[in-house]
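Structure data (mmCIF, C-alpha atoms) from upload37.cif:
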```cif
data_model
loop_
_atom_site.label_atom_id
_atom_site.label_comp_id
_atom_site.auth_asym_id
_atom_site.auth_seq_id
_atom_site.Cartn_x
_atom_site.Cartn_y
_atom_site.Cartn_z
CA MET A 1 101.51 102.09 152.75
CA ASN A 2 104.93 103.60 152.06
CA THR A 3 106.56 103.19 155.49
CA PRO A 4 106.02 100.91 158.51
CA ARG A 5 105.55 104.01 160.67
CA GLU A 6 102.56 105.13 158.61
CA ALA A 7 101.04 101.64 158.80
CA GLU A 8 101.52 101.42 162.56
CA GLN A 9 99.93 104.84 163.04
CA LEU A 10 96.97 103.74 160.93
CA ILE A 11 96.45 100.65 163.09
CA ARG A 12 97.05 102.52 166.33
CA SER A 13 94.38 105.08 165.44
CA GLN A 14 91.92 102.20 164.83
CA LYS A 15 91.49 103.11 161.17
CA ALA A 16 92.70 99.68 160.08
CA ASP A 17 93.29 96.22 161.57
CA MET A 18 95.89 95.19 159.01
CA ALA A 19 98.17 97.10 156.66
CA LEU A 20 100.54 96.17 153.82
CA VAL A 21 103.83 98.03 153.44
CA PHE A 22 105.59 97.79 150.06
CA ALA A 23 109.35 98.33 149.86
CA GLN A 24 111.47 99.25 146.85
CA ASN A 25 113.58 96.09 147.19
CA ARG A 26 110.60 93.89 146.22
CA GLY A 27 109.71 93.28 149.82
CA MET A 28 106.32 93.34 151.48
CA GLN A 29 105.52 93.67 155.18
CA ILE A 30 102.18 92.64 156.68
CA MET A 31 101.45 94.58 159.87
CA VAL A 32 98.56 93.22 161.96
CA ASP A 33 96.89 94.39 165.16
CA GLY A 34 97.73 91.54 167.55
CA SER A 35 95.78 92.82 170.56
CA ASP A 36 93.12 90.23 169.66
CA PRO A 37 95.13 87.07 168.81
CA ASN A 38 92.11 85.23 167.37
CA MET A 39 91.35 87.87 164.76
CA ALA A 40 95.04 88.57 164.12
CA GLN A 41 95.56 84.93 163.19
CA GLN A 42 92.60 85.01 160.80
CA TRP A 43 93.75 88.24 159.13
CA THR A 44 97.33 86.99 158.76
CA THR A 45 96.25 83.65 157.32
CA TYR A 46 93.92 85.33 154.85
CA ALA A 47 96.61 87.79 153.71
CA LEU A 48 99.23 85.07 153.24
CA GLN A 49 96.79 82.87 151.32
CA THR A 50 95.84 85.78 149.08
CA ILE A 51 99.49 86.60 148.38
CA ALA A 52 100.31 82.95 147.72
CA ALA A 53 97.43 82.71 145.26
CA ASP A 54 98.53 85.86 143.47
CA ARG A 55 102.05 84.50 143.02
CA SER A 56 100.71 82.30 140.26
CA ALA A 57 100.30 85.46 138.15
CA PRO A 58 103.82 86.48 137.05
CA ALA A 59 102.60 89.71 135.55
CA THR A 60 101.35 90.74 138.93
CA LEU A 61 104.07 89.68 141.30
CA HIS A 62 107.17 89.48 139.13
CA ALA A 63 108.94 92.19 137.26
CA ALA A 64 109.55 91.76 133.55
CA LYS A 65 113.35 91.58 133.94
CA ASN A 66 113.49 90.15 137.47
CA ASP A 67 111.79 86.84 138.17
CA SER A 68 112.65 86.76 141.88
CA PRO A 69 109.67 86.32 144.20
CA ILE A 70 108.50 88.99 146.59
CA THR A 71 109.71 88.59 150.16
CA VAL A 72 106.89 88.78 152.70
CA HIS A 73 107.45 89.66 156.36
CA THR A 74 104.74 89.54 159.01
CA SER A 75 104.71 91.82 162.05
CA LEU A 76 102.19 91.35 164.86
CA LEU A 77 101.90 94.63 166.67
CA TYR A 78 101.32 94.69 170.45
CA ASN A 79 101.39 90.87 170.77
CA PRO A 80 104.28 89.40 168.77
CA GLN A 81 104.27 86.14 170.80
CA MET A 82 100.51 85.65 170.16
CA LYS A 83 99.88 85.07 173.87
CA SER A 84 96.28 84.14 174.59
CA ALA A 85 96.48 85.97 177.91
CA TYR A 86 96.42 89.26 175.99
CA ASN A 87 92.95 88.33 174.83
CA PHE A 88 91.52 86.63 177.91
CA VAL A 89 92.62 89.01 180.68
CA PRO A 90 90.38 91.91 179.52
CA ALA A 91 87.60 89.39 178.88
CA ILE A 92 87.87 87.89 182.36
CA MET A 93 87.82 91.39 183.83
CA GLY A 94 84.61 92.18 181.99
CA MET A 95 82.93 88.93 183.01
CA LEU A 96 83.88 88.94 186.70
CA LEU A 97 83.04 92.60 187.30
CA MET A 98 79.65 92.20 185.64
CA LEU A 99 78.75 89.01 187.50
CA ILE A 100 79.98 90.16 190.91
CA CYS A 101 78.37 93.59 190.79
CA ALA A 102 75.10 92.83 189.00
CA MET A 103 74.32 89.37 190.29
CA MET A 104 75.32 89.90 193.90
CA THR A 105 73.64 93.30 194.12
CA SER A 106 70.34 91.95 192.80
CA ILE A 107 70.39 88.95 195.15
CA SER A 108 71.31 91.11 198.13
CA ILE A 109 68.35 93.48 197.69
CA VAL A 110 65.90 90.66 196.94
CA ARG A 111 67.04 88.86 200.09
CA GLU A 112 65.88 91.85 202.11
CA LYS A 113 62.47 91.61 200.41
CA GLU A 114 62.16 87.93 201.26
CA LYS A 115 63.04 88.46 204.91
CA GLY A 116 60.69 91.43 205.20
CA THR A 117 63.45 93.72 206.43
CA MET A 118 63.28 95.99 203.39
CA GLU A 119 60.00 97.48 204.65
CA VAL A 120 61.67 98.25 207.98
CA LEU A 121 64.52 99.99 206.22
CA LEU A 122 62.22 102.02 203.98
CA VAL A 123 59.99 103.29 206.80
CA SER A 124 63.03 104.37 208.77
CA PRO A 125 64.34 107.97 208.57
CA VAL A 126 66.94 106.79 206.05
CA ARG A 127 66.05 107.79 202.50
CA PRO A 128 65.46 104.92 200.01
CA LEU A 129 68.33 106.13 197.83
CA MET A 130 70.71 105.78 200.78
CA VAL A 131 69.45 102.23 201.33
CA ILE A 132 70.32 101.37 197.73
CA ILE A 133 73.75 102.97 198.00
CA ALA A 134 74.45 101.13 201.25
CA LYS A 135 73.61 97.80 199.62
CA ALA A 136 75.78 98.56 196.59
CA VAL A 137 78.89 99.94 198.32
CA PRO A 138 80.22 96.55 199.59
CA TYR A 139 80.10 95.11 196.08
CA LEU A 140 81.67 98.26 194.70
CA ILE A 141 84.61 97.79 197.06
CA LEU A 142 84.76 94.07 196.24
CA ALA A 143 84.78 94.87 192.51
CA PHE A 144 87.73 97.25 192.93
CA GLY A 145 89.57 94.59 194.92
CA ILE A 146 89.01 92.07 192.12
CA LEU A 147 90.04 94.61 189.49
CA ILE A 148 93.31 95.47 191.20
CA THR A 149 94.07 91.79 191.81
CA ILE A 150 93.52 90.93 188.15
CA LEU A 151 95.68 93.83 186.99
CA LEU A 152 98.53 92.80 189.32
CA MET A 153 98.34 89.15 188.24
CA ALA A 154 98.12 90.14 184.59
CA ARG A 155 101.21 92.31 184.83
CA PHE A 156 103.49 90.26 187.07
CA VAL A 157 102.27 86.68 186.57
CA LEU A 158 100.92 86.47 183.02
CA GLY A 159 103.18 89.13 181.52
CA VAL A 160 100.31 91.15 180.04
CA PRO A 161 101.43 94.77 179.62
CA LEU A 162 99.64 97.80 181.00
CA ALA A 163 100.74 99.98 178.11
CA GLY A 164 98.07 102.63 178.57
CA SER A 165 97.36 105.07 181.36
CA LEU A 166 96.50 103.31 184.62
CA PHE A 167 94.25 106.26 185.50
CA TRP A 168 92.08 105.76 182.42
CA ILE A 169 92.02 101.99 182.90
CA LEU A 170 90.63 102.53 186.42
CA ALA A 171 88.30 105.32 185.27
CA VAL A 172 86.70 103.25 182.51
CA SER A 173 86.48 100.27 184.89
CA THR A 174 84.70 102.46 187.46
CA LEU A 175 82.14 103.47 184.85
CA TYR A 176 81.63 99.81 183.94
CA ILE A 177 81.21 98.83 187.61
CA LEU A 178 78.54 101.51 188.04
CA LEU A 179 76.78 100.14 184.96
CA ALA A 180 76.85 96.62 186.43
CA LEU A 181 75.47 97.87 189.76
CA SER A 182 72.67 99.67 187.92
CA LEU A 183 71.80 96.48 186.07
CA GLY A 184 71.76 94.54 189.33
CA LEU A 185 69.41 97.10 190.85
CA LEU A 186 67.11 96.81 187.84
CA ILE A 187 67.03 93.01 188.16
CA SER A 188 66.19 93.34 191.87
CA ASN A 189 63.15 95.45 190.95
CA VAL A 190 61.80 92.67 188.73
CA ALA A 191 62.62 89.64 190.87
CA GLN A 192 60.70 88.83 194.02
CA THR A 193 62.80 85.89 195.21
CA GLN A 194 66.51 85.13 195.27
CA LEU A 195 66.01 82.17 192.94
CA VAL A 196 64.30 84.34 190.34
CA ALA A 197 67.04 86.96 190.69
CA LEU A 198 69.70 84.27 190.22
CA LEU A 199 67.97 82.85 187.12
CA LEU A 200 67.45 86.29 185.61
CA SER A 201 71.09 87.16 186.24
CA ALA A 202 72.22 83.93 184.61
CA MET A 203 70.04 84.45 181.54
CA VAL A 204 70.62 88.20 181.19
CA LEU A 205 74.29 88.26 182.17
CA LEU A 206 76.18 84.97 182.10
CA MET A 207 75.30 83.60 178.66
CA PRO A 208 75.45 86.92 176.76
CA VAL A 209 78.74 87.84 178.46
CA VAL A 210 80.38 84.55 177.52
CA MET A 211 78.92 84.10 174.04
CA LEU A 212 78.34 87.59 172.62
CA SER A 213 80.91 89.90 174.18
CA GLY A 214 83.86 88.77 172.06
CA MET A 215 85.31 86.85 175.00
CA LEU A 216 85.41 83.48 173.20
CA PHE A 217 84.37 84.32 169.64
CA PRO A 218 85.31 87.44 167.66
CA VAL A 219 82.27 89.62 167.10
CA GLU A 220 83.28 90.17 163.48
CA SER A 221 82.99 86.44 162.72
CA MET A 222 79.48 86.08 164.21
CA PRO A 223 76.33 85.94 162.06
CA THR A 224 74.81 89.34 161.41
CA ILE A 225 71.87 88.80 163.75
CA LEU A 226 74.20 87.91 166.63
CA GLN A 227 76.33 90.97 165.92
CA TRP A 228 73.21 93.11 166.30
CA ILE A 229 72.36 91.43 169.59
CA SER A 230 75.92 91.81 170.84
CA ALA A 231 75.59 95.57 170.32
CA ILE A 232 73.48 95.77 173.50
CA VAL A 233 75.85 93.63 175.60
CA PRO A 234 77.83 96.04 177.85
CA PRO A 235 80.89 93.79 178.37
CA ARG A 236 81.58 93.91 174.63
CA TYR A 237 82.48 97.62 174.84
CA TYR A 238 84.38 97.29 178.10
CA ILE A 239 86.49 94.42 176.77
CA GLU A 240 87.26 96.36 173.59
CA ALA A 241 88.24 99.43 175.61
CA MET A 242 90.49 97.42 177.94
CA ARG A 243 92.26 95.72 175.03
CA LYS A 244 93.02 99.11 173.52
CA LEU A 245 94.09 100.75 176.78
CA MET A 246 96.05 97.84 178.24
CA ILE A 247 97.55 96.18 175.16
CA MET A 248 97.75 98.92 172.55
CA GLY A 249 98.47 101.76 174.97
CA VAL A 250 96.18 104.25 173.23
CA GLY A 251 94.79 107.40 174.83
CA ILE A 252 91.27 107.97 176.05
CA GLY A 253 90.37 109.59 172.75
CA GLU A 254 90.79 106.26 170.93
CA VAL A 255 88.19 104.59 173.18
CA ALA A 256 85.75 107.51 173.18
CA ARG A 257 83.11 105.46 171.34
CA GLU A 258 83.22 102.62 173.86
CA VAL A 259 83.17 105.03 176.81
CA ALA A 260 80.24 106.95 175.34
CA VAL A 261 78.23 103.72 174.89
CA LEU A 262 78.99 102.56 178.44
CA ALA A 263 78.08 105.97 179.86
CA GLY A 264 74.81 106.03 177.92
CA MET A 265 73.90 102.53 179.10
CA THR A 266 74.70 103.47 182.70
CA VAL A 267 72.47 106.54 182.63
CA VAL A 268 69.57 104.65 181.02
CA LEU A 269 69.77 101.61 183.31
CA LEU A 270 70.17 103.70 186.46
CA ALA A 271 67.27 105.97 185.52
CA ILE A 272 64.97 103.01 184.83
CA ALA A 273 66.06 101.18 187.99
CA LEU A 274 65.49 104.17 190.26
CA ARG A 275 62.16 104.92 188.63
CA LYS A 276 60.96 101.37 189.11
CA PHE A 277 62.19 101.11 192.67
CA ASN A 278 58.98 100.60 194.61
CA VAL A 279 59.31 102.42 197.89
CA ARG A 280 56.24 100.78 199.39
CA LEU A 281 57.06 97.30 198.07
CA GLU A 282 53.53 96.58 196.96
#
```
Render the structure in this file as structure tokens.
Amino acid sequence: MNTPREAEQLIRSQKADMALVFAQNRGMQIMVDGSDPNMAQQWTTYALQTIAADRSAPATLHAAKNDSPITVHTSLLYNPQMKSAYNFVPAIMGMLLMLICAMMTSISIVREKEKGTMEVLLVSPVRPLMVIIAKAVPYLILAFGILITILLMARFVLGVPLAGSLFWILAVSTLYILLALSLGLLISNVAQTQLVALLLSAMVLLMPVVMLSGMLFPVESMPTILQWISAIVPPRYYIEAMRKLMIMGVGIGEVAREVAVLAGMTVVLLAIALRKFNVRLE
């Protein structure tokens, strides 16, 4: 790139994760997206090692009449201090919202089946859809309480910026919460006991969220087969969207892909869950 502004715009628009800016005074600037500290460290290390290796070729890195070495500067955009909180706060948000909404919703509905009170509710004048909504609303409110608490702690305790629009952060989080509630409803349709619902939630939610969402390990560094599996893990897209909105401060257009995937998953899961909801509880 010719100017740092062009490089920053390229990274901000998600067209690149790292850019090299060459100056006329034999200087070079490495600009890296630091919103994910783990990957930023890998990219920076790789670039510096590559440049150091190339310095052994004078024809490449030294001018014919000037044998002075090239000066390399590194700039970490959005996270210059390399704080791990920038990476873990969006990840914790994705994990807690998924576990609270999906796991608790599934257990709550299955508990009614075990006690035999679900039949009473379904034969009452209240429509089955209203029963489902009534069971989900408390966890929806709890999820918003957790979300707001995390955002406040991130901003005022951990020093994580909320660079993007708070409206879009809450809007995307609402979509994700609805997706988690839909998944919990689907699990409740399959499970007949609270223990089965808990085990299914742990297998379907806990392990994939921790291992495959990019929370602990960058998706890009995973084996190809695990990257394919991670493509169906909803928290992966929510965490990516939150990192862009909170840390990078991009607009909703820059996270359109993640929002579209989350919306598609929500529609599919909700449609399947409602279709499988057995009104008569055979």
Two-atom distance - CA of Val131 (chain A), CA of Ala202 (chain A) (Å):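 Atom-to-atom, CA of Val131 (chain A) to CA of Ala202 (chain A), that is 24.9 Å.
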Put the listed atoms of region 11-23 of chain A in a box along x, y and z with 3 Å added on every side and give me the centre and edge lengths in Å to one decimal, as AutoDock Vina command-line options.
```
--center_x 100.4 --center_y 100.1 --center_z 158.1 --size_x 23.9 --size_y 15.9 --size_z 22.5
```
Tell me, as a PyMOL selection string, which residues lie within 7 Å of Asn87 (chain A), counting all atoms listed in the file; anything in the same chain fewer than 4 positions away does not count. chain A and resi 35-37+91
Care to translate the PyMOL selection byres ((chain A and resi 96) around 10) into actual residues of this file, as a list in words? Ala91, Ile92, Met93, Gly94, Met95, Leu97, Met98, Leu99, Ile100, Cys101, Ala102, Ala143, Ile146, Leu147, Ile150, Leu206 and Val209 of chain A
Counting all atoms listed in the file, the residue of A:Met103, A:Ile187, A:Ala85, A:Ala47 that sits nearest Val157 (chain A): A:Ala85
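With all atoms listed in the file as the basis for measurement, A:Leu181 is the residue among A:Val110, A:Val137, A:Leu181, A:Val89 that approaches Ala273 (chain A) most closely.
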Apply the PyMOL selection byres ((chain A and resi 158-168) around 6) to the file shown and report the selected residues as an NGL selection string. :A and (86 or 154-157 or 169-172 or 245-247 or 249-250)
Excluding Tyr238 (chain A) and any residue of its chain fewer than 4 positions from it, enumerate the residues within 7 Å of it, using all atoms listed in the file, and give them as a PyMOL selection string. chain A and resi 94+176+234+242+258
Which residues, written as a PyMOL selection string, have at least one atom at most 7 Å from region 107-109 of chain A, with all atoms listed in the file counted and residues fewer than 6 positions away on the same chain left out? chain A and resi 188+194+197-198
Choose the residue, out of A:Val219, A:Ile232, A:Leu274, A:Glu114, that has the smallest atom-to-atom separation from Ile133 (chain A); count all atoms listed in the file. A:Leu274
Suppose a student applies the PyMOL selection byres ((chain A and resi 259-266) around 9) to this structure; what residues should they get, written as an mmCIF file with C-alpha atoms, in the frame of the given file?
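That gives us selection_9.cif:
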```
data_model
loop_
_atom_site.group_PDB
_atom_site.id
_atom_site.type_symbol
_atom_site.label_atom_id
_atom_site.label_comp_id
_atom_site.auth_asym_id
_atom_site.auth_seq_id
_atom_site.Cartn_x
_atom_site.Cartn_y
_atom_site.Cartn_z
ATOM 1 C CA VAL A 172 86.700 103.250 182.510
ATOM 2 C CA LEU A 175 82.140 103.470 184.850
ATOM 3 C CA TYR A 176 81.630 99.810 183.940
ATOM 4 C CA LEU A 178 78.540 101.510 188.040
ATOM 5 C CA LEU A 179 76.780 100.140 184.960
ATOM 6 C CA ALA A 180 76.850 96.620 186.430
ATOM 7 C CA SER A 182 72.670 99.670 187.920
ATOM 8 C CA LEU A 183 71.800 96.480 186.070
ATOM 9 C CA ILE A 232 73.480 95.770 173.500
ATOM 10 C CA PRO A 234 77.830 96.040 177.850
ATOM 11 C CA PRO A 235 80.890 93.790 178.370
ATOM 12 C CA TYR A 237 82.480 97.620 174.840
ATOM 13 C CA TYR A 238 84.380 97.290 178.100
ATOM 14 C CA ALA A 241 88.240 99.430 175.610
ATOM 15 C CA ILE A 252 91.270 107.970 176.050
ATOM 16 C CA VAL A 255 88.190 104.590 173.180
ATOM 17 C CA ALA A 256 85.750 107.510 173.180
ATOM 18 C CA ARG A 257 83.110 105.460 171.340
ATOM 19 C CA GLU A 258 83.220 102.620 173.860
ATOM 20 C CA VAL A 267 72.470 106.540 182.630
ATOM 21 C CA VAL A 268 69.570 104.650 181.020
ATOM 22 C CA LEU A 269 69.770 101.610 183.310
ATOM 23 C CA LEU A 270 70.170 103.700 186.460
ATOM 24 C CA ALA A 271 67.270 105.970 185.520
#
```
Between A:Ser201, A:Ser84, A:Thr117, A:Gln192, which residue has the minimum interatomic distance to Met215 (chain A), considering only C-alpha atoms?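 Ranked by minimum distance to Met215 (chain A), first place goes to A:Ser84.
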In Å, with one decimal, what is the gap from CA of Gln29 (chain A) to CA of Thr3 (chain A)?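 Value for the CA of Gln29 (chain A)-CA of Thr3 (chain A) distance: 9.6 Å.
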Rounded to one decimal place, report the CA of Glu112 (chain A)-CA of Lys135 (chain A) distance in Å.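 Pair CA of Glu112 (chain A) / CA of Lys135 (chain A) returns 10.1 Å.
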